[in-house]
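The file query-v2.csv comes next; it holds CSV, C-alpha atoms.
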```csv
chain,number,residue,atom,x,y,z
A,927,MET,CA,-29.0,-17.7,57.6
A,928,VAL,CA,-26.2,-19.9,59.1
A,929,PRO,CA,-24.5,-21.7,56.2
A,930,VAL,CA,-24.7,-25.5,56.4
A,931,ALA,CA,-23.5,-28.6,54.6
A,932,THR,CA,-25.4,-30.5,51.9
A,933,LEU,CA,-26.5,-34.1,52.3
A,934,LEU,CA,-26.6,-36.5,49.3
A,935,LEU,CA,-28.8,-39.6,50.0
A,936,LEU,CA,-27.8,-42.5,47.7
A,937,ARG,CA,-30.0,-45.6,47.5
A,938,HIS,CA,-28.1,-48.8,46.9
A,939,GLY,CA,-28.2,-50.3,43.4
A,940,ARG,CA,-30.7,-53.0,42.4
A,941,THR,CA,-30.4,-56.3,44.3
A,942,THR,CA,-31.4,-59.9,43.6
A,943,ALA,CA,-34.4,-59.4,45.9
A,944,ASN,CA,-35.5,-56.3,44.0
A,945,ALA,CA,-35.3,-58.2,40.8
A,946,ASP,CA,-37.2,-61.2,42.2
A,947,GLY,CA,-39.9,-59.1,43.9
A,948,GLY,CA,-38.9,-60.0,47.5
A,949,LEU,CA,-38.6,-58.0,50.7
A,950,ALA,CA,-35.0,-58.1,51.7
A,951,GLY,CA,-35.0,-56.2,55.0
A,952,HIS,CA,-31.9,-57.0,56.9
A,953,GLN,CA,-31.0,-60.1,54.9
A,954,PRO,CA,-27.6,-60.0,53.2
A,955,VAL,CA,-28.8,-59.8,49.6
A,956,GLU,CA,-26.3,-58.5,47.1
A,957,LEU,CA,-26.4,-56.3,44.0
A,958,ASP,CA,-27.3,-58.1,40.8
A,959,GLU,CA,-25.7,-57.3,37.5
A,960,THR,CA,-28.0,-54.3,36.8
A,961,GLY,CA,-27.3,-53.0,40.3
A,962,ARG,CA,-23.6,-53.2,39.8
A,963,ALA,CA,-23.9,-51.2,36.6
A,964,GLN,CA,-26.1,-48.7,38.3
A,965,ALA,CA,-23.5,-48.3,41.1
A,966,ALA,CA,-20.7,-47.7,38.6
A,967,ALA,CA,-22.8,-45.2,36.7
A,968,VAL,CA,-23.7,-43.1,39.7
A,969,GLY,CA,-20.0,-43.1,40.6
A,970,GLU,CA,-19.3,-41.4,37.4
A,971,ARG,CA,-21.9,-38.8,38.2
A,972,LEU,CA,-20.5,-38.2,41.6
A,973,ARG,CA,-16.9,-37.8,40.4
A,974,SER,CA,-17.2,-34.1,40.1
A,975,VAL,CA,-18.6,-33.7,43.7
A,976,PRO,CA,-15.9,-33.5,46.4
A,977,LEU,CA,-17.3,-35.4,49.4
A,978,ALA,CA,-16.3,-34.5,52.9
A,979,ALA,CA,-17.5,-37.8,54.3
A,980,VAL,CA,-19.3,-41.0,53.2
A,981,VAL,CA,-21.6,-42.8,55.6
A,982,THR,CA,-23.4,-46.0,55.0
A,983,SER,CA,-25.9,-48.5,56.2
A,984,PRO,CA,-24.1,-51.6,57.5
A,985,LEU,CA,-25.9,-53.9,55.0
A,986,ILE,CA,-23.8,-55.5,52.2
A,987,ARG,CA,-25.9,-54.0,49.4
A,988,CYS,CA,-25.0,-50.5,50.4
A,989,ARG,CA,-21.3,-51.3,51.0
A,990,GLN,CA,-21.1,-53.0,47.5
A,991,THR,CA,-22.7,-49.9,46.0
A,992,LEU,CA,-20.1,-47.7,47.5
A,993,GLU,CA,-17.2,-50.0,46.6
A,994,LEU,CA,-18.2,-49.7,42.9
A,995,ALA,CA,-19.3,-46.0,43.0
A,996,LEU,CA,-16.6,-44.5,45.2
A,997,PRO,CA,-13.8,-47.0,45.3
A,998,ASP,CA,-11.4,-44.5,47.0
A,999,ALA,CA,-13.8,-43.6,49.8
A,1000,ASP,CA,-13.6,-45.0,53.3
A,1001,PRO,CA,-17.2,-45.3,54.4
A,1002,LEU,CA,-18.2,-44.9,58.0
A,1003,VAL,CA,-20.9,-47.3,59.1
A,1004,GLU,CA,-24.1,-45.8,60.7
A,1005,GLU,CA,-26.5,-48.3,62.2
A,1006,GLY,CA,-29.3,-45.6,62.1
A,1007,LEU,CA,-29.3,-45.9,58.3
A,1008,ILE,CA,-30.1,-49.6,58.2
A,1009,GLU,CA,-33.2,-50.8,56.4
A,1010,CYS,CA,-36.4,-51.1,58.4
A,1011,GLY,CA,-36.6,-54.3,60.4
A,1012,TYR,CA,-39.4,-56.1,58.7
A,1013,GLY,CA,-39.2,-59.1,61.0
A,1014,ALA,CA,-41.2,-62.1,59.9
A,1015,TRP,CA,-41.9,-60.4,56.5
A,1016,GLU,CA,-38.2,-60.5,55.5
A,1017,GLY,CA,-37.5,-62.8,52.6
A,1018,GLN,CA,-41.2,-63.1,51.6
A,1019,PRO,CA,-42.5,-62.3,48.1
A,1020,LEU,CA,-44.2,-58.9,47.9
A,1021,LYS,CA,-47.2,-60.5,46.1
A,1022,LYS,CA,-47.7,-62.7,49.1
A,1023,LEU,CA,-47.3,-59.9,51.6
A,1024,ALA,CA,-49.9,-57.8,49.7
A,1025,LYS,CA,-52.5,-60.3,50.9
A,1026,GLU,CA,-51.7,-59.7,54.6
A,1027,SER,CA,-54.0,-57.6,56.8
A,1028,LEU,CA,-51.0,-55.3,57.7
A,1029,TRP,CA,-50.3,-54.5,54.1
A,1030,PRO,CA,-52.9,-51.7,53.7
A,1031,VAL,CA,-51.8,-50.2,57.0
A,1032,VAL,CA,-48.2,-50.1,55.7
A,1033,GLN,CA,-49.4,-48.4,52.5
A,1034,GLN,CA,-52.0,-46.0,53.9
A,1035,HIS,CA,-51.2,-45.5,57.6
A,1036,PRO,CA,-47.5,-46.4,58.0
A,1037,SER,CA,-47.0,-44.5,61.2
A,1038,ALA,CA,-49.1,-47.2,62.8
A,1039,ALA,CA,-47.4,-50.1,61.2
A,1040,VAL,CA,-45.4,-52.5,63.4
A,1041,PHE,CA,-44.0,-55.5,61.6
A,1042,PRO,CA,-44.4,-58.9,63.3
A,1043,GLN,CA,-41.3,-59.7,65.2
A,1044,GLY,CA,-39.8,-56.5,63.7
A,1045,GLU,CA,-39.6,-52.7,63.9
A,1046,ALA,CA,-42.3,-50.0,63.8
A,1047,MET,CA,-42.1,-47.8,60.7
A,1048,ALA,CA,-42.3,-44.7,63.0
A,1049,ALA,CA,-39.3,-46.0,64.9
A,1050,MET,CA,-37.3,-46.5,61.7
A,1051,ALA,CA,-38.2,-43.0,60.6
A,1052,ALA,CA,-37.2,-41.4,63.9
A,1053,ARG,CA,-33.8,-43.1,64.1
A,1054,ALA,CA,-32.9,-42.5,60.5
A,1055,VAL,CA,-33.8,-38.7,60.7
A,1056,ALA,CA,-31.9,-38.4,64.0
A,1057,ALA,CA,-28.8,-40.1,62.4
A,1058,VAL,CA,-28.6,-37.9,59.3
A,1059,ARG,CA,-29.3,-34.7,61.3
A,1060,ALA,CA,-26.5,-35.6,63.8
A,1061,TRP,CA,-24.1,-36.4,61.0
A,1062,ASP,CA,-25.0,-33.2,59.1
A,1063,ALA,CA,-24.3,-31.1,62.2
A,1064,ARG,CA,-21.0,-32.9,62.8
A,1065,ILE,CA,-19.8,-32.6,59.2
A,1066,THR,CA,-20.8,-28.9,59.1
A,1067,ALA,CA,-18.8,-28.3,62.3
A,1068,GLU,CA,-15.8,-30.3,61.2
A,1069,HIS,CA,-15.6,-29.4,57.4
A,1070,GLY,CA,-17.5,-26.1,57.2
A,1071,PRO,CA,-20.6,-24.9,55.4
A,1072,GLU,CA,-19.2,-25.7,51.9
A,1073,ALA,CA,-19.1,-29.4,52.7
A,1074,VAL,CA,-21.1,-32.0,50.8
A,1075,TRP,CA,-21.4,-35.5,52.3
A,1076,LEU,CA,-23.1,-38.7,51.2
A,1077,ALA,CA,-25.2,-41.3,53.0
A,1078,CYS,CA,-26.0,-44.6,51.4
A,1079,SER,CA,-29.1,-46.2,52.6
A,1080,HIS,CA,-32.4,-47.9,51.6
A,1081,GLY,CA,-35.7,-47.0,49.9
A,1082,ASP,CA,-38.0,-46.7,52.9
A,1083,VAL,CA,-35.3,-45.0,55.0
A,1084,ILE,CA,-34.6,-42.4,52.3
A,1085,LYS,CA,-38.4,-41.8,51.8
A,1086,ALA,CA,-38.8,-41.3,55.6
A,1087,ILE,CA,-35.9,-38.8,55.7
A,1088,VAL,CA,-37.4,-36.9,52.7
A,1089,ALA,CA,-40.8,-36.8,54.3
A,1090,ASP,CA,-39.3,-35.2,57.4
A,1091,ALA,CA,-37.4,-32.6,55.3
A,1092,LEU,CA,-40.6,-31.7,53.5
A,1093,GLY,CA,-42.5,-31.4,56.8
A,1094,VAL,CA,-45.1,-34.0,55.8
A,1095,HIS,CA,-46.5,-36.7,58.0
A,1096,LEU,CA,-45.0,-40.2,57.7
A,1097,ASP,CA,-48.4,-41.4,56.5
A,1098,LEU,CA,-47.7,-39.6,53.2
A,1099,PHE,CA,-44.2,-41.1,52.7
A,1100,GLN,CA,-45.5,-43.8,50.3
A,1101,ARG,CA,-46.0,-40.9,47.8
A,1102,ILE,CA,-42.3,-40.4,47.6
A,1103,VAL,CA,-40.1,-42.5,45.2
A,1104,ALA,CA,-36.5,-43.4,45.7
A,1105,ASP,CA,-35.3,-45.7,42.9
A,1106,PRO,CA,-32.2,-47.9,43.1
A,1107,ALA,CA,-29.0,-45.9,42.7
A,1108,SER,CA,-30.9,-42.6,42.8
A,1109,VAL,CA,-29.5,-39.4,44.5
A,1110,THR,CA,-31.6,-37.1,46.7
A,1111,ALA,CA,-30.1,-33.9,48.1
A,1112,ILE,CA,-31.1,-32.1,51.2
A,1113,ARG,CA,-29.8,-29.0,52.9
A,1114,TYR,CA,-30.7,-28.5,56.6
A,1115,THR,CA,-30.8,-25.0,58.0
A,1116,PRO,CA,-31.6,-23.7,61.5
A,1117,LEU,CA,-35.1,-22.8,60.3
A,1118,ARG,CA,-36.1,-25.6,57.9
A,1119,PRO,CA,-34.6,-28.2,55.5
A,1120,PHE,CA,-34.6,-27.7,51.7
A,1121,LEU,CA,-35.1,-30.6,49.3
A,1122,LEU,CA,-32.6,-29.8,46.4
A,1123,ARG,CA,-33.0,-33.0,44.4
A,1124,LEU,CA,-35.3,-36.0,44.6
A,1125,ASN,CA,-34.9,-39.4,43.1
A,1126,ASP,CA,-32.3,-38.1,40.6
A,1127,THR,CA,-31.1,-41.0,38.4
A,1128,GLY,CA,-29.5,-39.2,35.5
A,1129,GLY,CA,-29.0,-35.5,36.1
A,1130,ASP,CA,-25.8,-33.5,36.3
A,1131,LEU,CA,-24.6,-33.6,40.0
A,1132,ALA,CA,-21.7,-31.1,39.4
A,1133,ALA,CA,-24.0,-28.2,40.5
A,1134,LEU,CA,-24.1,-29.7,44.0
A,1135,ALA,CA,-20.4,-29.2,44.5
A,1136,PRO,CA,-19.6,-26.1,46.6
A,1137,THR,CA,-18.9,-22.9,44.7
A,1138,PRO,CA,-16.2,-20.3,45.8
A,1139,ARG,CA,-17.5,-18.2,48.6
A,1140,LYS,CA,-17.2,-14.9,46.8
A,1141,ARG,CA,-19.1,-16.1,43.8
A,1142,ARG,CA,-21.8,-17.6,46.0
A,1143,ARG,CA,-22.3,-14.3,47.8
A,1144,ALA,CA,-22.6,-12.4,44.6
A,1145,THR,CA,-25.1,-14.9,43.2
A,1146,ARG,CA,-27.2,-14.7,46.4
A,1147,ALA,CA,-27.2,-10.9,46.4
A,1148,ALA,CA,-28.5,-10.9,42.8
A,1149,THR,CA,-31.1,-13.6,43.5
A,1150,ASN,CA,-32.2,-11.9,46.7
A,1151,ALA,CA,-33.4,-8.9,44.8
A,1152,ALA,CA,-35.9,-11.0,42.9
A,1153,ASP,CA,-37.0,-13.6,45.6
A,1154,SER,CA,-36.3,-13.1,49.3
A,1155,ASP,CA,-36.6,-16.8,50.0
A,1156,ALA,CA,-34.2,-17.9,47.3
A,1157,PRO,CA,-31.0,-17.2,49.2
A,1158,VAL,CA,-32.2,-19.5,52.0
A,1159,GLY,CA,-33.2,-22.4,49.9
A,1160,GLY,CA,-31.1,-21.6,46.8
A,1161,GLY,CA,-27.4,-21.7,46.2
A,1162,ALA,CA,-25.5,-24.4,44.4
A,1163,GLY,CA,-27.7,-27.3,43.3
A,1164,ALA,CA,-31.1,-25.7,44.1
A,1165,GLY,CA,-32.0,-25.3,40.4
A,1166,ARG,CA,-32.3,-28.0,37.9
```
Could I get this structure in the form of structure tokens?
Amino acid sequence: MVPVATLLLLRHGRTTANADGGLAGHQPVELDETGRAQAAAVGERLRSVPLAAVVTSPLIRCRQTLELALPDADPLVEEGLIECGYGAWEGQPLKKLAKESLWPVVQQHPSAAVFPQGEAMAAMAARAVAAVRAWDARITAEHGPEAVWLACSHGDVIKAIVADALGVHLDLFQRIVADPASVTAIRYTPLRPFLLRLNDTGGDLAALAPTPRKRRRATRAATNAADSDAPVGGGAGAGR
């Protein structure tokens, strides 16, 4: 196996739209008091993880989350991580949208959903996956296989990236949960990705930090004797 970096996907903290039951989309909604507290709390959890790079959606709710969680970071904006373009649905209450004929398509057959005056969910998934895979390859090349990097994005975007990592169809992505301020960890390899954490809102993230190379080799050798697949998907952060 060729060693690779580890990606941490961070969803922004709760926003005023989340609290009110609205669909924010690309609107400049900001974190509410709960969201700000969530961002500060996840920052404490990330303190023990050295990050080679921090990348973010351009929307203010992601940038606010990083300002509170990682005040010393200098996030790089990635347009591919922006929320799905919900078009005419943006700013509408979810309880109203649930009565639209498109709603069951979004819930049960999202790969066919195209929002009025907006984006197709399949297009959102494709550009988000392409963005994180490109950044992961770049960070591995620049910082080495021990690197851990973070991308701050949105619920549907993160769910689409996770679905791709799991090798499941986009039509199943509504079964995945990404709560505000949750952390999801993925490690891409030449053969397949591995989902190390999903929707983690309170676990210890220190295990995701890279371990010294000698120690990692010894751990892999011991694990390999019991499970031939563990060294590929295992390593720091695989167990919980």
request  = Tell me which of A:Pro1036, A:Pro1019, A:Gly969, A:Pro1116 sits closest to A:Leu994, counting all atoms listed in the file.
outcome  = A:Gly969
Non-local contacts of A:Ala1086 (6 Å; all atoms listed in the file; under 3 positions in same chain excluded) as an mmCIF file with C-alpha atoms, in the frame of the given file:
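Writing done, so here's selection-v3.cif:
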```cif
data_model
loop_
_atom_site.group_PDB
_atom_site.id
_atom_site.type_symbol
_atom_site.label_atom_id
_atom_site.label_comp_id
_atom_site.auth_asym_id
_atom_site.auth_seq_id
_atom_site.Cartn_x
_atom_site.Cartn_y
_atom_site.Cartn_z
ATOM 1 C CA ALA A 1051 -38.200 -43.000 60.600
ATOM 2 C CA VAL A 1083 -35.300 -45.000 55.000
ATOM 3 C CA ALA A 1089 -40.800 -36.800 54.300
#
```
Nearest residue to A:Leu957 from the set A:Gly1070, A:Leu985, A:Leu935, A:Val1103 (distances using all atoms listed in the file) = A:Leu985
remark   = Counting only C-alpha atoms, the residue among A:Leu949, A:Ala1052, A:Cys1078, A:Leu1023 that lies closest to A:Glu993 is A:Cys1078
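Proximity to A:Asp1000 was assessed for A:Ile1065, A:Ala979, A:Leu1121, A:Ile986 counting all atoms listed in the file; the smallest distance is recorded for A:Ala979.
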